[in-house]
Amino acid sequence: MHQNIHLLKDWLNQQIVGQNHLVERLIIALLADGHLLVEGAPGLAKTKAIKTLSEGIEGDFQRVQFTPDLLPADITGSDIYRPQQGTFEFQAGPLFHNLVLADEINRAPAKVQSALLEAMAERQVSVGGTTYQLPELFMVMATQNPIEQEGTYPLPEAQMDRFLMHIVVDYPAPETEHLILQLSRREALQEKAAGIEALSQETLFAARKEALAVHMAEPVEEYLVQLILATRDAKLYGGDLAKWLDYGASPRATIALDRCSRAMAWLQGRDFVTPDDIRAVAHDVLRHRLILSFDAEASGVTANQVIDRLLETVASA
């Protein structure tokens with residue numbers, strides 16, 4: 001199973017040049033059974049990443065372009081009246097797919113965001129008094145554009161907490177621009193890229209079971225819990241951390257950090273979690289769950305800087 005997952009990861013890195021961090025987090029989200037919020041400027045392969053992932057896994061893909069006039073029924077589905085039978089029939093919406101791309105999620109109003117995030121949390125959709133289960137393999141990757149705020153509806157903190165990780169995608173390194181050009185030319189000439197045998201859902205579920213069963217020693221688990229508690233009681237640690245944080249991470253963050261660190265250890269070929277695994281995923285797990293104080297925002301302090309200080313402050317196992 002390790003080999004199959006690593007083959008998928010290597011193939012994704014060949015197709016999505018210069019975004020190794022995003023690719024690794026996509027794999028971790030699959031193993032940890034969670035959803036991703038990806039933020040980055042246009043043209044950084046956010047859409048291509050999830051679409052390419054769908055080609056490497058047995059499952060279907062659906063993209064939803066979020067707009068201000070979108071309605072909840074546009075993504076959940078609705079009951080359609082059939083005059084021939086005189087009955088209503090449920091027409092499933094885009095959420096009834098294995099991999100769903102919610103493009104520019106912050107352009108849709110709160111009702112649509114809530115409908116999506118409820119489906120993410122409960123893995124079900126309720127329409128007309130009937131509840132419909134979503135597929136067992138169900139992952140949402142939502143994207144946000146950080147440079148166009150006009151006509152957007154920012155996600156409330158409680159809804160942001162539903163995402164397993166918040167990934168910030170940056171521009172690729174200069175040396176990879178030539179590789180991106182070469183790949184785009186090959187696609188323009190319609191030259192078929194090397195394919196990959198699609199990973200079966202059974203193999204993925206077995207890998208997920210193995211990853212989440214990775215051992216975490218009690219001192220390492222205590223370190224993980226102390227990191228979360230430090231975000232809530234920053235005054236106990238004093239210094240900048242106390243000035244920068246208004247509200248800390250929820251118990252959902254504890255679970256997410258646990259699952260992601262186990263998946264990271266499994267990807268590294270180990271059957272136990274180390275503090276380094278926790279630190280490796282801490283920024284992506286906590287970035288969207290911390291509410292910074294007015295002093296921090298006025299001073300230009302970012303969530304990344306707060307997490308850096310958090311990792312410096314709390315002693316590891």
# chains A, B, ... in the order shown; residues from 1 in each chain; ligands from 1
call {"tool": "residues_around", "arguments": {"residues": "Ala298 of chain A", "least_positions_apart": "6", "cutoff": "12 Å", "atoms": "only C-alpha atoms", "output": "list in words"}}
result
Lys243, Trp244 and Leu292 of chain A
call {"tool": "residues_around", "arguments": {"residues": "Glu58 of chain A", "least_positions_apart": "3", "cutoff": "8 Å", "atoms": "only C-alpha atoms", "output": "ChimeraX atom specification"}}
result
/A:54-55,198-201
call {"tool": "residues_around", "arguments": {"residues": "Glu202 of chain A", "least_positions_apart": "6", "cutoff": "12 Å", "atoms": "only C-alpha atoms", "output": "compact mmCIF listing (two decimals) with N, CA and C atoms, in the first residue's frame"}}
result
# COMPACT_ATOMS: atom_id res chain seq x y z
N MET A 1 0.82 -1.21 0.00
CA MET A 1 0.00 0.00 0.00
C MET A 1 0.86 1.26 0.00
N ASN A 4 1.85 1.99 -3.55
CA ASN A 4 0.77 2.55 -4.37
C ASN A 4 0.54 4.03 -4.07
N ILE A 57 -7.31 8.21 -8.93
CA ILE A 57 -8.09 7.43 -7.97
C ILE A 57 -9.37 6.96 -8.64
N GLU A 58 -9.78 5.76 -8.32
CA GLU A 58 -11.07 5.27 -8.83
C GLU A 58 -12.17 6.06 -8.13
N GLY A 59 -12.81 6.92 -8.85
CA GLY A 59 -13.85 7.77 -8.28
C GLY A 59 -14.19 8.88 -9.25
N GLU A 136 -18.81 7.00 0.51
CA GLU A 136 -17.84 6.75 1.58
C GLU A 136 -16.55 7.51 1.33
N LEU A 137 -16.11 7.52 0.07
CA LEU A 137 -14.97 8.37 -0.30
C LEU A 137 -15.52 9.72 -0.72
N ARG A 208 -5.65 4.10 4.55
CA ARG A 208 -6.18 5.02 5.56
C ARG A 208 -6.25 4.34 6.92
N LYS A 209 -6.70 3.09 6.92
CA LYS A 209 -6.79 2.35 8.18
C LYS A 209 -5.42 2.16 8.80
call {"tool": "residues_around", "arguments": {"residues": "segment 245-253 of chain A", "least_positions_apart": "6", "cutoff": "7 Å", "atoms": "only C-alpha atoms", "output": "PyMOL selection string"}}
result
chain A and resi 228+231-232+285-286+289-293
call {"tool": "closest_residue", "arguments": {"among": "A:Glu221, A:Lys9, A:Gln15, A:Arg279", "to": "Leu183 of chain A", "atoms": "only C-alpha atoms"}}
result
A:Gln15
call {"tool": "residues_around", "arguments": {"residues": "Gly93 of chain A", "least_positions_apart": "5", "cutoff": "10 Å", "atoms": "only C-alpha atoms", "output": "ChimeraX atom specification"}}
result
/A:62,72-78,125
call {"tool": "select_by_dssp", "arguments": {"residues": "segment 19-267 of chain A", "states": "helix (DSSP H, G or I)", "output": "PyMOL selection string"}}
result
chain A and resi 20-32+46-55+72-76+105-107+110-122+157-160+174-188+201-212+218-232+234-236+239-244+251-267
call {"tool": "atom_distance", "arguments": {"atom1": "atom CA of Gln19 of chain A", "atom2": "atom CA of Lys51 of chain A"}}
result
14.3 Å
call {"tool": "residues_around", "arguments": {"residues": "Leu257 of chain A", "least_positions_apart": "4", "cutoff": "8 Å", "atoms": "only C-alpha atoms", "output": "PyMOL selection string"}}
result
chain A and resi 224+253+261+278+281-282+285
call {"tool": "write_last_selection", "arguments": {"atoms": "N, CA and C atoms", "output": "PDB file, in the first residue's frame"}}
result
ATOM      1  N   LEU A 224       1.195  17.023  21.892  1.00  0.00           N
ATOM      2  CA  LEU A 224       0.150  17.479  20.968  1.00  0.00           C
ATOM      3  C   LEU A 224      -0.954  18.225  21.729  1.00  0.00           C
ATOM      4  N   ALA A 253      -9.560  20.707  16.369  1.00  0.00           N
ATOM      5  CA  ALA A 253      -8.164  20.895  15.972  1.00  0.00           C
ATOM      6  C   ALA A 253      -7.276  19.802  16.558  1.00  0.00           C
ATOM      7  N   SER A 261      -0.839  14.113  11.758  1.00  0.00           N
ATOM      8  CA  SER A 261       0.511  13.706  12.152  1.00  0.00           C
ATOM      9  C   SER A 261       0.700  12.200  11.981  1.00  0.00           C
ATOM     10  N   ILE A 278       4.280  16.166  14.168  1.00  0.00           N
ATOM     11  CA  ILE A 278       3.275  17.127  14.646  1.00  0.00           C
ATOM     12  C   ILE A 278       3.634  18.531  14.184  1.00  0.00           C
ATOM     13  N   VAL A 281       2.930  19.436  10.384  1.00  0.00           N
ATOM     14  CA  VAL A 281       1.565  19.721   9.916  1.00  0.00           C
ATOM     15  C   VAL A 281       0.872  20.793  10.754  1.00  0.00           C
ATOM     16  N   ALA A 282       1.543  21.288  11.794  1.00  0.00           N
ATOM     17  CA  ALA A 282       0.895  22.204  12.736  1.00  0.00           C
ATOM     18  C   ALA A 282       0.390  23.475  12.063  1.00  0.00           C
ATOM     19  N   VAL A 285      -2.796  22.820  10.009  1.00  0.00           N
ATOM     20  CA  VAL A 285      -3.935  22.418  10.836  1.00  0.00           C
ATOM     21  C   VAL A 285      -4.457  23.584  11.678  1.00  0.00           C
TER      22      VAL A 285
END
call {"tool": "residues_around", "arguments": {"residues": "segment 153-163 of chain A", "least_positions_apart": "6", "cutoff": "6 Å", "atoms": "only C-alpha atoms", "output": "PDB file with C-alpha atoms, in the first residue's frame"}}
result
ATOM      1  CA  HIS A  35     -11.263  18.333   3.622  1.00  0.00           C
ATOM      2  CA  LEU A  36      -8.930  21.074   2.437  1.00  0.00           C
ATOM      3  CA  ASN A 106     -16.072  32.739  -0.461  1.00  0.00           C
ATOM      4  CA  ARG A 107     -18.049  34.077  -3.458  1.00  0.00           C
ATOM      5  CA  ARG A 289      -8.402  28.019  13.719  1.00  0.00           C
TER       6      ARG A 289
END
call {"tool": "select_by_dssp", "arguments": {"residues": "segment 198-313 of chain A", "states": "strand (DSSP E)", "output": "NGL selection string"}}
result
:A and (245-247 or 291-292)
call {"tool": "atom_distance", "arguments": {"atom1": "atom CA of Leu44 of chain A", "atom2": "atom CA of Asn145 of chain A"}}
result
10.6 Å
call {"tool": "closest_residue", "arguments": {"among": "A:Arg259, A:Leu204, A:Lys46, A:Tyr81", "to": "Leu101 of chain A", "atoms": "only C-alpha atoms"}}
result
A:Lys46
call {"tool": "closest_residue", "arguments": {"among": "A:His2, A:Arg82, A:Arg287, A:Arg25", "to": "Glu210 of chain A", "atoms": "only C-alpha atoms"}}
result
A:His2
